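Data from upload_19.pdb: PDB, C-alpha atoms
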ATOM      1  CA  MET H  10     -60.609  22.430  67.209
ATOM      2  CA  ARG H  11     -57.315  21.282  68.665
ATOM      3  CA  ASP H  12     -53.925  22.741  67.775
ATOM      4  CA  TYR H  13     -53.318  22.012  64.094
ATOM      5  CA  GLY H  14     -49.697  20.886  64.223
ATOM      6  CA  THR H  15     -47.610  18.427  62.260
ATOM      7  CA  HIS H  16     -49.353  15.409  63.816
ATOM      8  CA  ARG H  17     -52.849  15.136  62.387
ATOM      9  CA  ARG H  18     -55.900  12.926  62.576
ATOM     10  CA  VAL H  19     -56.714  12.113  58.964
ATOM     11  CA  LEU H  20     -59.833  10.471  57.524
ATOM     12  CA  VAL H  21     -59.454   8.684  54.185
ATOM     13  CA  THR H  22     -62.756   7.574  52.642
ATOM     14  CA  GLY H  23     -62.301   4.753  50.164
ATOM     15  CA  GLY H  24     -59.132   4.020  52.112
ATOM     16  CA  ALA H  25     -59.102   0.287  51.326
ATOM     17  CA  GLY H  26     -59.151   0.932  47.598
ATOM     18  CA  PHE H  27     -56.246   1.094  45.179
ATOM     19  CA  LEU H  28     -55.383   4.761  45.598
ATOM     20  CA  GLY H  29     -56.707   5.084  49.148
ATOM     21  CA  SER H  30     -54.543   2.274  50.525
ATOM     22  CA  HIS H  31     -51.386   3.865  49.153
ATOM     23  CA  LEU H  32     -52.436   7.208  50.617
ATOM     24  CA  CYS H  33     -53.114   5.653  54.057
ATOM     25  CA  GLU H  34     -49.689   4.010  53.952
ATOM     26  CA  ARG H  35     -47.949   7.296  53.153
ATOM     27  CA  LEU H  36     -49.854   9.283  55.802
ATOM     28  CA  LEU H  37     -48.922   6.729  58.452
ATOM     29  CA  ALA H  38     -45.272   6.987  57.365
ATOM     30  CA  LYS H  39     -45.520  10.729  58.013
ATOM     31  CA  GLY H  40     -46.634  10.021  61.587
ATOM     32  CA  HIS H  41     -50.332  10.870  61.311
ATOM     33  CA  ASP H  42     -53.288   9.010  62.839
ATOM     34  CA  VAL H  43     -55.286   7.529  59.957
ATOM     35  CA  LEU H  44     -58.946   6.510  59.983
ATOM     36  CA  CYS H  45     -59.646   4.384  56.910
ATOM     37  CA  VAL H  46     -63.348   4.244  55.967
ATOM     38  CA  ASP H  47     -64.588   1.895  53.252
ATOM     39  CA  ASN H  48     -67.737  -0.067  52.424
ATOM     40  CA  PHE H  49     -65.637  -2.685  50.556
ATOM     41  CA  PHE H  50     -67.615  -2.547  47.320
ATOM     42  CA  THR H  51     -64.387  -2.276  45.326
ATOM     43  CA  GLY H  52     -61.874  -1.871  48.167
ATOM     44  CA  THR H  53     -60.449  -4.898  49.941
ATOM     45  CA  LYS H  54     -58.929  -5.663  53.304
ATOM     46  CA  ASP H  55     -55.997  -7.245  51.493
ATOM     47  CA  ASN H  56     -54.910  -3.750  50.441
ATOM     48  CA  ILE H  57     -54.583  -2.530  54.020
ATOM     49  CA  ALA H  58     -53.943  -5.765  55.983
ATOM     50  CA  HIS H  59     -50.293  -4.814  56.459
ATOM     51  CA  LEU H  60     -51.389  -1.535  58.101
ATOM     52  CA  LEU H  61     -53.701  -3.096  60.712
ATOM     53  CA  PRO H  62     -50.945  -3.745  63.311
ATOM     54  CA  ASN H  63     -50.002  -0.056  63.263
ATOM     55  CA  PRO H  64     -51.492   1.579  66.403
ATOM     56  CA  ARG H  65     -52.028   4.809  64.483
ATOM     57  CA  PHE H  66     -54.259   3.062  61.914
ATOM     58  CA  GLU H  67     -57.978   2.430  62.367
ATOM     59  CA  LEU H  68     -60.349   0.697  59.942
ATOM     60  CA  MET H  69     -64.092   1.334  59.820
ATOM     61  CA  ARG H  70     -66.634  -0.321  57.521
ATOM     62  CA  HIS H  71     -68.994   2.479  56.539
ATOM     63  CA  ASP H  72     -70.829   3.759  53.458
ATOM     64  CA  ILE H  73     -70.457   7.533  53.124
ATOM     65  CA  THR H  74     -73.947   7.868  51.684
ATOM     66  CA  PHE H  75     -74.803   7.799  55.409
ATOM     67  CA  PRO H  76     -73.527  10.465  57.826
ATOM     68  CA  LEU H  77     -70.344   9.846  59.764
ATOM     69  CA  TYR H  78     -69.576  11.310  63.190
ATOM     70  CA  VAL H  79     -65.864  11.328  63.985
ATOM     71  CA  GLU H  80     -63.262  13.885  65.091
ATOM     72  CA  VAL H  81     -60.580  14.575  62.482
ATOM     73  CA  ASP H  82     -58.349  17.381  61.221
ATOM     74  CA  GLU H  83     -58.249  16.472  57.530
ATOM     75  CA  ILE H  84     -60.468  14.513  55.157
ATOM     76  CA  TYR H  85     -59.434  12.924  51.866
ATOM     77  CA  ASN H  86     -62.695  12.003  50.114
ATOM     78  CA  LEU H  87     -61.723   9.199  47.733
ATOM     79  CA  ALA H  88     -64.809   6.983  48.123
ATOM     80  CA  CYS H  89     -66.441   6.066  44.799
ATOM     81  CA  PRO H  90     -66.057   3.215  42.324
ATOM     82  CA  ALA H  91     -63.794   4.638  39.635
ATOM     83  CA  SER H  92     -63.856   2.164  36.750
ATOM     84  CA  PRO H  93     -66.715   1.857  34.226
ATOM     85  CA  ILE H  94     -67.360  -1.819  35.086
ATOM     86  CA  HIS H  95     -67.800  -1.001  38.765
ATOM     87  CA  TYR H  96     -69.585   2.347  38.601
ATOM     88  CA  GLN H  97     -72.021   1.108  35.937
ATOM     89  CA  PHE H  98     -72.909  -1.977  38.013
ATOM     90  CA  ASP H  99     -75.129   0.180  40.248
ATOM     91  CA  PRO H 100     -75.256   3.622  38.616
ATOM     92  CA  VAL H 101     -77.805   5.056  41.069
ATOM     93  CA  GLN H 102     -75.569   4.124  43.998
ATOM     94  CA  THR H 103     -72.578   5.613  42.148
ATOM     95  CA  THR H 104     -74.357   8.960  41.870
ATOM     96  CA  LYS H 105     -75.404   8.751  45.516
ATOM     97  CA  THR H 106     -71.816   8.082  46.572
ATOM     98  CA  SER H 107     -70.576  11.139  44.693
ATOM     99  CA  VAL H 108     -73.402  13.488  45.694
ATOM    100  CA  HIS H 109     -74.760  12.287  49.066
ATOM    101  CA  GLY H 110     -71.247  11.230  50.028
ATOM    102  CA  ALA H 111     -69.908  14.701  49.280
ATOM    103  CA  ILE H 112     -72.712  16.316  51.286
ATOM    104  CA  ASN H 113     -72.013  14.046  54.272
ATOM    105  CA  MET H 114     -68.249  14.582  54.198
ATOM    106  CA  LEU H 115     -68.647  18.334  53.718
ATOM    107  CA  GLY H 116     -71.077  18.390  56.628
ATOM    108  CA  LEU H 117     -68.528  16.551  58.765
ATOM    109  CA  ALA H 118     -65.774  18.969  57.712
ATOM    110  CA  LYS H 119     -68.020  21.907  58.573
ATOM    111  CA  ARG H 120     -68.821  20.493  62.022
ATOM    112  CA  VAL H 121     -65.226  19.737  63.041
ATOM    113  CA  LYS H 122     -63.639  22.580  61.020
ATOM    114  CA  ALA H 123     -61.512  20.127  59.038
ATOM    115  CA  LYS H 124     -59.745  20.736  55.771
ATOM    116  CA  ILE H 125     -61.232  18.497  53.056
ATOM    117  CA  LEU H 126     -59.908  17.255  49.711
ATOM    118  CA  GLN H 127     -62.150  15.914  46.965
ATOM    119  CA  ALA H 128     -60.767  13.262  44.629
ATOM    120  CA  SER H 129     -62.428  14.455  41.451
ATOM    121  CA  THR H 130     -61.572  13.093  38.038
ATOM    122  CA  SER H 131     -60.504  13.893  34.506
ATOM    123  CA  GLU H 132     -63.927  12.495  33.529
ATOM    124  CA  VAL H 133     -65.439  15.886  34.400
ATOM    125  CA  TYR H 134     -64.027  16.952  31.011
ATOM    126  CA  GLY H 135     -65.988  14.208  29.208
ATOM    127  CA  ASP H 136     -64.905  13.645  25.600
ATOM    128  CA  PRO H 137     -62.934  16.884  25.387
ATOM    129  CA  GLU H 138     -62.811  19.407  22.550
ATOM    130  CA  VAL H 139     -59.788  21.064  24.201
ATOM    131  CA  HIS H 140     -56.474  19.188  24.206
ATOM    132  CA  PRO H 141     -54.597  18.921  26.490
ATOM    133  CA  GLN H 142     -57.226  19.612  29.157
ATOM    134  CA  VAL H 143     -56.802  22.720  31.309
ATOM    135  CA  GLU H 144     -58.662  23.436  34.548
ATOM    136  CA  SER H 145     -60.570  26.343  32.985
ATOM    137  CA  TYR H 146     -62.194  24.006  30.416
ATOM    138  CA  TRP H 147     -65.806  23.240  31.355
ATOM    139  CA  GLY H 148     -65.984  19.898  29.587
ATOM    140  CA  ARG H 149     -68.185  18.029  27.120
ATOM    141  CA  VAL H 150     -70.171  15.447  29.066
ATOM    142  CA  ASN H 151     -73.213  13.425  28.013
ATOM    143  CA  PRO H 152     -75.613  13.930  30.962
ATOM    144  CA  ILE H 153     -77.772  10.882  30.133
ATOM    145  CA  GLY H 154     -75.205   8.341  28.935
ATOM    146  CA  LEU H 155     -73.897   5.162  30.568
ATOM    147  CA  ARG H 156     -70.929   7.013  32.063
ATOM    148  CA  SER H 157     -72.901   9.989  33.367
ATOM    149  CA  CYS H 158     -73.535   8.465  36.808
ATOM    150  CA  TYR H 159     -69.806   8.899  37.417
ATOM    151  CA  ASP H 160     -69.033  11.935  35.242
ATOM    152  CA  GLU H 161     -71.984  14.037  36.394
ATOM    153  CA  GLY H 162     -71.766  12.726  39.958
ATOM    154  CA  LYS H 163     -68.202  13.997  40.202
ATOM    155  CA  ARG H 164     -69.134  17.292  38.551
ATOM    156  CA  CYS H 165     -71.933  17.776  41.085
ATOM    157  CA  ALA H 166     -69.528  16.952  43.926
ATOM    158  CA  GLU H 167     -67.216  19.728  42.712
ATOM    159  CA  THR H 168     -70.205  22.108  42.704
ATOM    160  CA  LEU H 169     -71.009  21.166  46.299
ATOM    161  CA  PHE H 170     -67.412  21.657  47.414
ATOM    162  CA  PHE H 171     -67.217  25.146  45.978
ATOM    163  CA  ASP H 172     -70.638  26.120  47.331
ATOM    164  CA  TYR H 173     -69.632  24.966  50.830
ATOM    165  CA  HIS H 174     -66.436  26.962  50.409
ATOM    166  CA  ARG H 175     -68.293  30.136  49.382
ATOM    167  CA  GLN H 176     -71.231  29.739  51.765
ATOM    168  CA  HIS H 177     -69.537  28.266  54.843
ATOM    169  CA  ARG H 178     -65.884  29.286  54.316
ATOM    170  CA  LEU H 179     -64.884  25.634  54.311
ATOM    171  CA  ARG H 180     -61.241  24.898  53.529
ATOM    172  CA  ILE H 181     -61.435  22.782  50.379
ATOM    173  CA  LYS H 182     -59.073  21.219  47.841
ATOM    174  CA  VAL H 183     -60.289  19.728  44.543
ATOM    175  CA  ALA H 184     -57.997  17.376  42.601
ATOM    176  CA  ARG H 185     -58.887  16.252  39.081
ATOM    177  CA  ILE H 186     -57.130  12.900  38.874
ATOM    178  CA  PHE H 187     -56.131  11.469  35.496
ATOM    179  CA  ASN H 188     -55.379   7.797  34.771
ATOM    180  CA  THR H 189     -53.360   6.333  37.634
ATOM    181  CA  TYR H 190     -51.963   2.818  37.856
ATOM    182  CA  GLY H 191     -49.845   0.640  40.106
ATOM    183  CA  PRO H 192     -49.917  -2.285  42.541
ATOM    184  CA  ARG H 193     -53.276  -2.980  44.261
ATOM    185  CA  MET H 194     -55.356  -2.076  41.223
ATOM    186  CA  HIS H 195     -58.419  -4.314  41.066
ATOM    187  CA  PRO H 196     -57.721  -7.112  38.535
ATOM    188  CA  ASN H 197     -61.279  -6.917  37.156
ATOM    189  CA  ASP H 198     -61.772  -3.154  37.030
ATOM    190  CA  GLY H 199     -61.861  -3.021  33.232
ATOM    191  CA  ARG H 200     -59.133  -0.384  32.987
ATOM    192  CA  VAL H 201     -56.544  -0.725  30.289
ATOM    193  CA  VAL H 202     -53.460  -1.218  32.470
ATOM    194  CA  SER H 203     -54.951  -3.964  34.654
ATOM    195  CA  ASN H 204     -56.783  -5.541  31.691
ATOM    196  CA  PHE H 205     -53.690  -5.678  29.508
ATOM    197  CA  ILE H 206     -51.391  -7.006  32.237
ATOM    198  CA  VAL H 207     -53.765  -9.747  33.430
ATOM    199  CA  GLN H 208     -54.525 -10.838  29.850
ATOM    200  CA  ALA H 209     -50.822 -10.865  28.945
ATOM    201  CA  LEU H 210     -49.846 -12.860  32.042
ATOM    202  CA  LYS H 211     -52.533 -15.448  31.241
ATOM    203  CA  GLY H 212     -51.490 -15.609  27.579
ATOM    204  CA  GLU H 213     -54.921 -14.420  26.440
ATOM    205  CA  ASN H 214     -55.585 -12.048  23.553
ATOM    206  CA  ILE H 215     -55.290  -8.430  24.639
ATOM    207  CA  THR H 216     -58.503  -6.501  24.037
ATOM    208  CA  ILE H 217     -58.227  -3.084  22.443
ATOM    209  CA  TYR H 218     -61.193  -0.992  21.372
ATOM    210  CA  GLY H 219     -61.410   0.359  17.853
ATOM    211  CA  GLU H 220     -57.975   0.783  16.269
ATOM    212  CA  GLY H 221     -56.360   1.434  19.640
ATOM    213  CA  ASN H 222     -55.366   4.959  18.657
ATOM    214  CA  GLN H 223     -57.187   6.547  21.607
ATOM    215  CA  THR H 224     -54.729   8.252  23.925
ATOM    216  CA  ARG H 225     -54.361   8.147  27.699
ATOM    217  CA  SER H 226     -51.802   9.510  30.131
ATOM    218  CA  PHE H 227     -50.608   7.125  32.842
ATOM    219  CA  CYS H 228     -49.407   8.332  36.249
ATOM    220  CA  TYR H 229     -47.785   5.927  38.701
ATOM    221  CA  VAL H 230     -49.573   5.781  42.042
ATOM    222  CA  ASP H 231     -46.599   6.948  44.162
ATOM    223  CA  ASP H 232     -46.363  10.149  42.115
ATOM    224  CA  LEU H 233     -50.097  10.769  42.462
ATOM    225  CA  VAL H 234     -50.002  10.304  46.253
ATOM    226  CA  ASP H 235     -47.159  12.853  46.434
ATOM    227  CA  ALA H 236     -49.412  15.333  44.629
ATOM    228  CA  LEU H 237     -52.462  14.711  46.836
ATOM    229  CA  ILE H 238     -50.496  15.276  50.037
ATOM    230  CA  GLY H 239     -48.842  18.329  48.525
ATOM    231  CA  LEU H 240     -52.249  19.716  47.559
ATOM    232  CA  MET H 241     -53.639  19.194  51.058
ATOM    233  CA  ASP H 242     -50.675  21.133  52.452
ATOM    234  CA  THR H 243     -51.179  24.197  50.238
ATOM    235  CA  PRO H 244     -52.350  27.465  51.840
ATOM    236  CA  ASP H 245     -56.074  27.783  52.528
ATOM    237  CA  ASP H 246     -56.539  30.356  49.757
ATOM    238  CA  PHE H 247     -55.725  27.729  47.121
ATOM    239  CA  THR H 248     -58.734  25.514  46.417
ATOM    240  CA  GLY H 249     -58.110  24.086  42.963
ATOM    241  CA  PRO H 250     -59.437  22.485  40.879
ATOM    242  CA  ILE H 251     -56.041  21.231  39.844
ATOM    243  CA  ASN H 252     -55.123  18.570  37.302
ATOM    244  CA  LEU H 253     -53.003  15.717  38.667
ATOM    245  CA  GLY H 254     -51.640  13.198  36.213
ATOM    246  CA  ASN H 255     -48.906  12.443  33.742
ATOM    247  CA  PRO H 256     -48.785  14.807  30.739
ATOM    248  CA  VAL H 257     -47.003  12.214  28.564
ATOM    249  CA  GLU H 258     -49.608  10.888  26.116
ATOM    250  CA  PHE H 259     -49.665   7.244  24.982
ATOM    251  CA  GLU H 260     -51.758   5.465  22.375
ATOM    252  CA  ILE H 261     -53.611   2.463  23.789
ATOM    253  CA  ARG H 262     -52.128   0.177  21.128
ATOM    254  CA  SER H 263     -48.603   1.268  22.125
ATOM    255  CA  LEU H 264     -49.385   0.501  25.765
ATOM    256  CA  ALA H 265     -50.617  -2.990  24.833
ATOM    257  CA  GLU H 266     -47.452  -3.654  22.849
ATOM    258  CA  MET H 267     -45.289  -2.466  25.760
ATOM    259  CA  VAL H 268     -47.117  -4.774  28.192
ATOM    260  CA  ILE H 269     -46.631  -7.762  25.855
ATOM    261  CA  LYS H 270     -42.925  -6.967  25.650
ATOM    262  CA  LEU H 271     -42.442  -6.503  29.422
ATOM    263  CA  THR H 272     -44.374  -9.670  30.326
ATOM    264  CA  LYS H 273     -42.682 -11.664  27.535
ATOM    265  CA  SER H 274     -46.182 -12.816  26.619
ATOM    266  CA  LYS H 275     -47.289 -14.538  23.415
ATOM    267  CA  SER H 276     -50.611 -12.643  23.533
ATOM    268  CA  LYS H 277     -52.002 -11.069  20.352
ATOM    269  CA  LEU H 278     -54.108  -7.935  20.002
ATOM    270  CA  SER H 279     -57.871  -8.386  19.582
ATOM    271  CA  SER H 280     -60.005  -5.439  18.437
ATOM    272  CA  GLN H 281     -63.507  -4.776  19.824
ATOM    273  CA  PRO H 282     -66.026  -1.981  19.058
ATOM    274  CA  LEU H 283     -65.543   1.286  20.932
ATOM    275  CA  PRO H 284     -67.702   1.662  24.097
ATOM    276  CA  ALA H 285     -70.260   4.489  24.242
ATOM    277  CA  ASP H 286     -68.896   7.923  25.222
ATOM    278  CA  ASP H 287     -65.346   6.603  25.558
ATOM    279  CA  PRO H 288     -63.050   9.668  25.340
ATOM    280  CA  LYS H 289     -60.725   9.640  22.326
ATOM    281  CA  GLN H 290     -58.070  11.752  24.002
ATOM    282  CA  ARG H 291     -57.081  12.241  27.601
ATOM    283  CA  GLN H 292     -54.047  14.335  28.558
ATOM    284  CA  PRO H 293     -53.697  16.764  31.458
ATOM    285  CA  ASP H 294     -52.146  20.183  31.307
ATOM    286  CA  ILE H 295     -50.297  20.203  34.651
ATOM    287  CA  SER H 296     -48.881  23.722  34.440
ATOM    288  CA  LEU H 297     -50.828  24.681  37.569
ATOM    289  CA  ALA H 298     -49.525  21.672  39.530
ATOM    290  CA  LYS H 299     -45.970  22.531  38.524
ATOM    291  CA  LYS H 300     -46.448  26.139  39.626
ATOM    292  CA  ILE H 301     -48.389  25.622  42.874
ATOM    293  CA  LEU H 302     -47.237  22.205  44.057
ATOM    294  CA  HIS H 303     -43.805  22.194  42.384
ATOM    295  CA  TRP H 304     -44.826  18.705  41.283
ATOM    296  CA  GLU H 305     -44.658  16.553  38.200
ATOM    297  CA  PRO H 306     -44.524  12.767  37.808
ATOM    298  CA  THR H 307     -41.059  11.223  37.898
ATOM    299  CA  THR H 308     -41.763   7.495  37.391
ATOM    300  CA  PRO H 309     -41.192   6.367  33.772
ATOM    301  CA  LEU H 310     -44.037   4.269  32.349
ATOM    302  CA  GLU H 311     -41.855   1.199  31.816
ATOM    303  CA  SER H 312     -40.574   1.309  35.409
ATOM    304  CA  GLY H 313     -44.078   1.700  36.857
ATOM    305  CA  LEU H 314     -45.447  -1.071  34.633
ATOM    306  CA  LEU H 315     -42.748  -3.500  35.799
ATOM    307  CA  LYS H 316     -43.775  -2.937  39.448
ATOM    308  CA  THR H 317     -47.442  -3.357  38.515
ATOM    309  CA  ILE H 318     -46.745  -6.495  36.476
ATOM    310  CA  SER H 319     -44.894  -8.002  39.458
ATOM    311  CA  TYR H 320     -47.967  -7.384  41.651
ATOM    312  CA  PHE H 321     -50.405  -8.928  39.161
ATOM    313  CA  ASP H 322     -48.076 -11.833  38.485
ATOM    314  CA  ARG H 323     -48.358 -12.818  42.159
ATOM    315  CA  LEU H 324     -52.157 -12.503  41.980
ATOM    316  CA  VAL H 325     -52.482 -14.608  38.848
ATOM    317  CA  LYS H 326     -50.180 -17.318  40.202
ATOM    318  CA  SER H 327     -52.170 -17.436  43.437
ATOM    319  CA  GLY H 328     -55.439 -17.686  41.523
ATOM    320  CA  SER H 329     -56.699 -14.305  42.772
ATOM    321  CA  GLY H 330     -56.640 -12.794  39.307
ATOM    322  CA  ASN H 331     -58.962 -15.387  37.800
ATOM    323  CA  GLY H 332     -62.191 -13.468  37.781
ATOM    324  CA  VAL H 333     -62.592 -12.998  41.530
ATOM    325  CA  ALA H 334     -62.307  -9.862  43.571
ATOM    326  CA  VAL H 335     -59.127  -9.510  45.573
TER     327      VAL H 335
END
Mind turning this structure into structure tokens?
Amino acid sequence: MRDYGTHRRVLVTGGAGFLGSHLCERLLAKGHDVLCVDNFFTGTKDNIAHLLPNPRFELMRHDITFPLYVEVDEIYNLACPASPIHYQFDPVQTTKTSVHGAINMLGLAKRVKAKILQASTSEVYGDPEVHPQVESYWGRVNPIGLRSCYDEGKRCAETLFFDYHRQHRLRIKVARIFNTYGPRMHPNDGRVVSNFIVQALKGENITIYGEGNQTRSFCYVDDLVDALIGLMDTPDDFTGPINLGNPVEFEIRSLAEMVIKLTKSKSKLSSQPLPADDPKQRQPDISLAKKILHWEPTTPLESGLLKTISYFDRLVKSGSGNGVAV
């Protein structure tokens, strides 16, 4: 392996997705060479088109369920559809992406002696009995439900990461990412922030499930990217898992009302039955992130929503938010 200095060759799987594109952008700004790998199931070239002229940026169409042979110093493994609509479209492929994809990326990291970060998820906690969720909580997941292809796939990926660490001394980092939002979210991903904003901008009724008293914690994408890079830069003896997200808890109904206010929309709230296995509460305990990374989110929800609304407003006006992938 070459000298591991400040200039690094970094692989980002899922790099054309919402979170991955922001991460690629930030890594390039830090002067690294970035290899963006994506199969474009949910990612889009629009997210990274502005990076293509950069000589330090390379784009490769590839599905990580197949092996990849490249030379890199660091790997951020973000590849996997992350919204229920997308990961339930082909649940077998979702599980393969989490499990086979992890095996392939871990194998690559082992071969080139790279440091590797796994983008895990708060969904490993399932519908939690412990609130807020701490890293030592093992979770309450339905292993045969509609969401299990994602929940259990990510749990298995964590298992693989820690077994490669113990068995092969691989340098690993595991981040459990809670709800993150911002520009470049997919307009049809079924998540509450994108759903509410697109519906409000179109003047449609805003869909809430049940009474809307479920809680979520919303972290702006720039804050989350700060945490991921900070985690990658921690000493090798720190592996995680570590919760990354915003500890401020919001009721879904309150979020919908805030979006209506910020968009100046005439939309009304429309209640639908709760989906199966939808968690009632979701809030990270980020004590570990504060201690190890000296990190906590700094973007207020209203400020982050205004930036996200501006992005979706351009999409809707251009016609890209009308039921087509962008």
Using all atoms listed in the file, find each residue of stretch 16-108 of chain H with at least one atom at most 10 Å away from an atom of stretch 124-136 of chain H; report its shortest atom-to-atom pair and that distance in Å (one decimal), sort the rows by chain and rising residue number, and return the result as a tab-separated table.
residue	atom	partner	partner_atom	distance
H:Val19	CA	H:Lys124	CA	9.7
H:Leu20	CA	H:Ile125	CA	9.3
H:Val21	CA	H:Leu126	CA	9.7
H:Val81	CA	H:Lys124	CA	9.1
H:Asp82	CA	H:Lys124	CA	6.6
H:Glu83	CA	H:Lys124	CA	4.8
H:Ile84	CA	H:Ile125	CA	4.6
H:Tyr85	CA	H:Leu126	CA	4.9
H:Asn86	CA	H:Gln127	CA	5.1
H:Leu87	CA	H:Ala128	CA	5.2
H:Ala88	CA	H:Ala128	CA	8.2
H:Cys89	CA	H:Ala128	CA	9.2
H:Ala91	CA	H:Thr130	CA	8.9
H:Ser107	CA	H:Ser129	CA	9.4
Using only C-alpha atoms, please write the residues we just selected to a file, as a compact mmCIF listing (two decimals), in the frame of the given file.
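Resulting contents of result_28.txt:
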# COMPACT_ATOMS: atom_id res chain seq x y z
CA VAL H 19 -56.71 12.11 58.96
CA LEU H 20 -59.83 10.47 57.52
CA VAL H 21 -59.45 8.68 54.18
CA VAL H 81 -60.58 14.58 62.48
CA ASP H 82 -58.35 17.38 61.22
CA GLU H 83 -58.25 16.47 57.53
CA ILE H 84 -60.47 14.51 55.16
CA TYR H 85 -59.43 12.92 51.87
CA ASN H 86 -62.70 12.00 50.11
CA LEU H 87 -61.72 9.20 47.73
CA ALA H 88 -64.81 6.98 48.12
CA CYS H 89 -66.44 6.07 44.80
CA ALA H 91 -63.79 4.64 39.64
CA SER H 107 -70.58 11.14 44.69
Query - Selection result of the PyMOL selection byres ((chain H and resi 208) around 10) on this file, as a list in words - result: Pro196, Ser203, Asn204, Phe205, Ile206, Val207, Ala209, Leu210, Lys211, Gly212, Glu213, Asn214, Ile215, Thr216, Val268, Ile269, Ser274, Ser276, Lys277, Val325 and Gly330 of chain H
Report task. Would you work out the distance separating atom CA of H:Tyr173 from atom CA of H:Gly110, expressed in Å to one decimal? Result ->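 Atom CA of H:Gly110 lies at a distance of 13.9 Å from atom CA of H:Tyr173.
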Requested in this report: Determine, counting all atoms listed in the file, every residue of protein, DNA or RNA that lies within 12 Å of (-63.1, -7.1, 20.7) in the file coordinates, then give the result as a PyMOL selection string.
Outcome: chain H and resi 214-221+277-284
Requested in this report: Calculate how many Å separate atom CA of H:Glu144 from atom CA of H:Ala184, rounding to one decimal.
Outcome: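 Here the two named atoms are 10.1 Å from each other.
Using all atoms listed in the file, the nearest neighbour of H:Asp198 within the list H:Ala58, H:Ile94, H:Leu32, H:Val139 is H:Ile94.
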Report task. Tell me which residues the PyMOL selection byres ((chain H and resi 50) around 12) grabs here, as a PyMOL selection string. Result -> chain H and resi 23-26+46-49+51-54+70-73+88-91+95-96+98-99+102-103+106+195+198+334-335
Query raised in the report: Could you name the residues that touch H:His41 at 9 Å or less, counting only C-alpha atoms, but leaving out those on the same chain fewer than 5 positions away, as a ChimeraX atom specification?
Result: /H:15-19,36,65-66
I'd like the contact shell of H:Ala298 - 7 Å cut-off, all atoms listed in the file, skipping same-chain residues fewer than 6 positions apart - returned as a JSON list (two decimals) with C-alpha atoms, in the coordinates of the input.
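Dumped everything to selection-v9.json:
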[["chain", "number", "residue", "atom", "x", "y", "z"],
["H", 251, "ILE", "CA", -56.04, 21.23, 39.84],
["H", 252, "ASN", "CA", -55.12, 18.57, 37.30],
["H", 253, "LEU", "CA", -53.00, 15.72, 38.67],
["H", 304, "TRP", "CA", -44.83, 18.70, 41.28]]
